[in-house]
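Novice: Structure in structure tokens, see below.
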Amino acid sequence: MYKNAAKKKFRYQTPQGQITTEDLFDLSLEQLNSLAKSLNKQVKEHGEEDYLKVTKPEATLVKKKFDVVLDALKTKQKDVENAANRTINAAKKQKLLDALEAKRDQGLGEMSEEELLKQIEALG
């Protein structure tokens with residue numbers, strides 16, 4: 001899909017001007033969503049496909065552009081979800097590490113004076 005878009009040098013009209021396929025990934029999710037809606041509207045304006053007649057080249061081009069934008073939107077959305085999951089997991093891991101350290105500290109507090117001195121001497 002992207003290979004075809006690059007070969008055909010697809011351009012997409014946005015409020016900021018024309019952009020390339022590569023530029024799609026620089027847009028925000030909201031901007032991609034708006035572009036997808038606009039292209040979907042154009043697809044619908046070309047009407048339903050008639051399988052007995054030859055499809056107009058313009059209708060095919062608009063549909064291909066829509067497919068590329070929709071894929072870019074889904075990819076970017078997945079990237080945002082993955083980043084959020086990584087942040088949540090990092091916070092959980094830190095909590096677990098903090099709890100582990102507290103357990104270890106608690107264990108040190110429960111050691112006898114003699115055991116503590118032995119460990120201090122072992123460290124030099």
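To be explicit about the labels: the chains of the structure tokens are called A, B, and onward in the order shown, and within each one the residues are counted from 1, while ligands get numbers from 1 in the order they are shown.
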Can you pull out the residues contacting Leu39 in chain A? Cut-off 12 Å, using only C-alpha atoms, and skip same-chain residues under 2 positions away; I want them as a PDB file with C-alpha atoms, in the first residue's frame.

Specialist:
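Listing of around-v3.pdb after writing:
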```pdb
ATOM      1  CA  ARG A  11      -0.505  14.083  -2.149  1.00  0.00           C
ATOM      2  CA  TYR A  12      -3.128  14.832   0.461  1.00  0.00           C
ATOM      3  CA  GLN A  13      -4.905  18.150   0.847  1.00  0.00           C
ATOM      4  CA  THR A  14      -4.991  19.463   4.424  1.00  0.00           C
ATOM      5  CA  LEU A  32      -5.473  12.338  10.534  1.00  0.00           C
ATOM      6  CA  ASN A  33      -9.055  11.677  11.591  1.00  0.00           C
ATOM      7  CA  SER A  34     -10.204  14.862   9.848  1.00  0.00           C
ATOM      8  CA  LEU A  35      -8.320  13.925   6.674  1.00  0.00           C
ATOM      9  CA  ALA A  36      -9.771  10.395   6.747  1.00  0.00           C
ATOM     10  CA  LYS A  37     -13.292  11.827   7.096  1.00  0.00           C
ATOM     11  CA  LYS A  41     -16.702  11.732   1.996  1.00  0.00           C
ATOM     12  CA  GLN A  42     -15.017  11.909  -1.420  1.00  0.00           C
ATOM     13  CA  VAL A  43     -15.173   8.118  -1.745  1.00  0.00           C
ATOM     14  CA  LYS A  44     -18.914   8.224  -1.047  1.00  0.00           C
ATOM     15  CA  GLU A  45     -19.399  11.060  -3.561  1.00  0.00           C
ATOM     16  CA  HIS A  46     -18.045   8.777  -6.267  1.00  0.00           C
ATOM     17  CA  ALA A  59     -12.522   7.139  -7.666  1.00  0.00           C
ATOM     18  CA  THR A  60      -9.837   4.452  -7.401  1.00  0.00           C
ATOM     19  CA  LEU A  61      -7.198   7.044  -6.487  1.00  0.00           C
ATOM     20  CA  VAL A  62      -9.363   8.580  -3.755  1.00  0.00           C
ATOM     21  CA  LYS A  63     -10.097   5.128  -2.312  1.00  0.00           C
ATOM     22  CA  LYS A  64      -6.385   4.234  -2.263  1.00  0.00           C
ATOM     23  CA  LYS A  65      -5.554   7.525  -0.555  1.00  0.00           C
ATOM     24  CA  PHE A  66      -8.283   6.880   2.001  1.00  0.00           C
ATOM     25  CA  ASP A  67      -6.867   3.404   2.696  1.00  0.00           C
ATOM     26  CA  VAL A  68      -3.368   4.827   3.247  1.00  0.00           C
ATOM     27  CA  VAL A  69      -4.624   7.581   5.584  1.00  0.00           C
ATOM     28  CA  LEU A  70      -6.771   5.118   7.526  1.00  0.00           C
TER      29      LEU A  70
END
```

Novice: Which residues are close to Gln16 in chain A, i.e. within 12 Å by only C-alpha atoms, leaving aside same-chain residues fewer than 6 positions away? Reply as a ChimeraX atom specification.

Specialist: /A:23,27,31,35

Novice: Mind listing the helix (DSSP H, G or I) residues of chain A, per DSSP on the backbone, as JSON, numbers by chain?

Specialist: {"A": [2, 3, 4, 5, 6, 7, 22, 23, 24, 25, 26, 29, 30, 31, 32, 33, 34, 35, 36, 37, 38, 39, 40, 41, 42, 43, 44, 45, 57, 58, 59, 60, 61, 62, 63, 64, 65, 66, 67, 68, 69, 70, 71, 72, 73, 74, 75, 76, 77, 78, 79, 80, 81, 82, 83, 84, 85, 86, 87, 88, 89, 90, 91, 92, 93, 94, 95, 96, 97, 98, 99, 100, 101, 102, 103, 104, 105, 106, 107, 108, 109, 113, 114, 115, 116, 117, 118, 119, 120, 121, 122, 123]}

Novice: Give me, as a PyMOL selection string, all polymer residues having an atom no more than 12 Å from Lys7 in chain A, counting only C-alpha atoms and skipping those fewer than 5 positions away in the same chain.

Specialist: chain A and resi 1-2+20-21

Novice: Could you take the residues named above and write them with C-alpha atoms, as a compact mmCIF listing (two decimals), in the first residue's frame?

Specialist:
```txt
# COMPACT_ATOMS: atom_id res chain seq x y z
CA MET A 1 0.00 0.00 0.00
CA TYR A 2 2.72 2.49 0.98
CA THR A 20 3.11 13.63 1.17
CA THR A 21 2.48 10.12 2.45
```

Novice: I need the residues in chain A that are strand (DSSP E) according to DSSP; give them as number ranges by chain.

Specialist: A: 11-14, 17-20

Novice: Output N, CA and C atoms for every residue in that selection, as a tab-separated table (two decimals), in the first residue's frame.

Specialist:
```
chain	number	residue	atom	x	y	z
A	11	ARG	N	-0.48	12.82	-2.89
A	11	ARG	CA	-0.51	14.08	-2.15
A	11	ARG	C	-1.88	14.19	-1.51
A	12	TYR	N	-1.90	14.74	-0.31
A	12	TYR	CA	-3.13	14.83	0.46
A	12	TYR	C	-3.36	16.29	0.81
A	13	GLN	N	-4.57	16.76	0.56
A	13	GLN	CA	-4.91	18.15	0.85
A	13	GLN	C	-5.33	18.29	2.30
A	14	THR	N	-4.65	19.17	3.03
A	14	THR	CA	-4.99	19.46	4.42
A	14	THR	C	-5.18	20.97	4.56
A	17	GLY	N	-2.10	22.77	3.75
A	17	GLY	CA	-1.59	22.63	2.40
A	17	GLY	C	-1.43	21.17	2.03
A	18	GLN	N	-0.79	20.92	0.88
A	18	GLN	CA	-0.59	19.54	0.44
A	18	GLN	C	0.56	18.90	1.20
A	19	ILE	N	0.37	17.63	1.52
A	19	ILE	CA	1.42	16.88	2.20
A	19	ILE	C	1.64	15.55	1.48
A	20	THR	N	2.78	14.92	1.78
A	20	THR	CA	3.11	13.63	1.17
A	20	THR	C	2.67	12.51	2.11
```

Novice: So that I can see what lies close to range 78-94 of chain A, please list as a list in words the residues with an atom at most 10 Å from it, counting only C-alpha atoms and leaving out residues fewer than 6 positions away in the same chain.

Specialist: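 Result of the neighbour search: Leu29, Ala72 and Leu100 of chain A.
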
Novice: Just the number, please: distance in Å from CA of Glu101 in chain A to CA of Glu121 in chain A, one decimal.

Specialist: 22.3 Å

Novice: Suppose you want the space between CA of Leu123 in chain A and CA of Leu97 in chain A; what is it in Å?

Specialist: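 We find that CA of Leu123 in chain A and CA of Leu97 in chain A lie 23.9 Å from each other.
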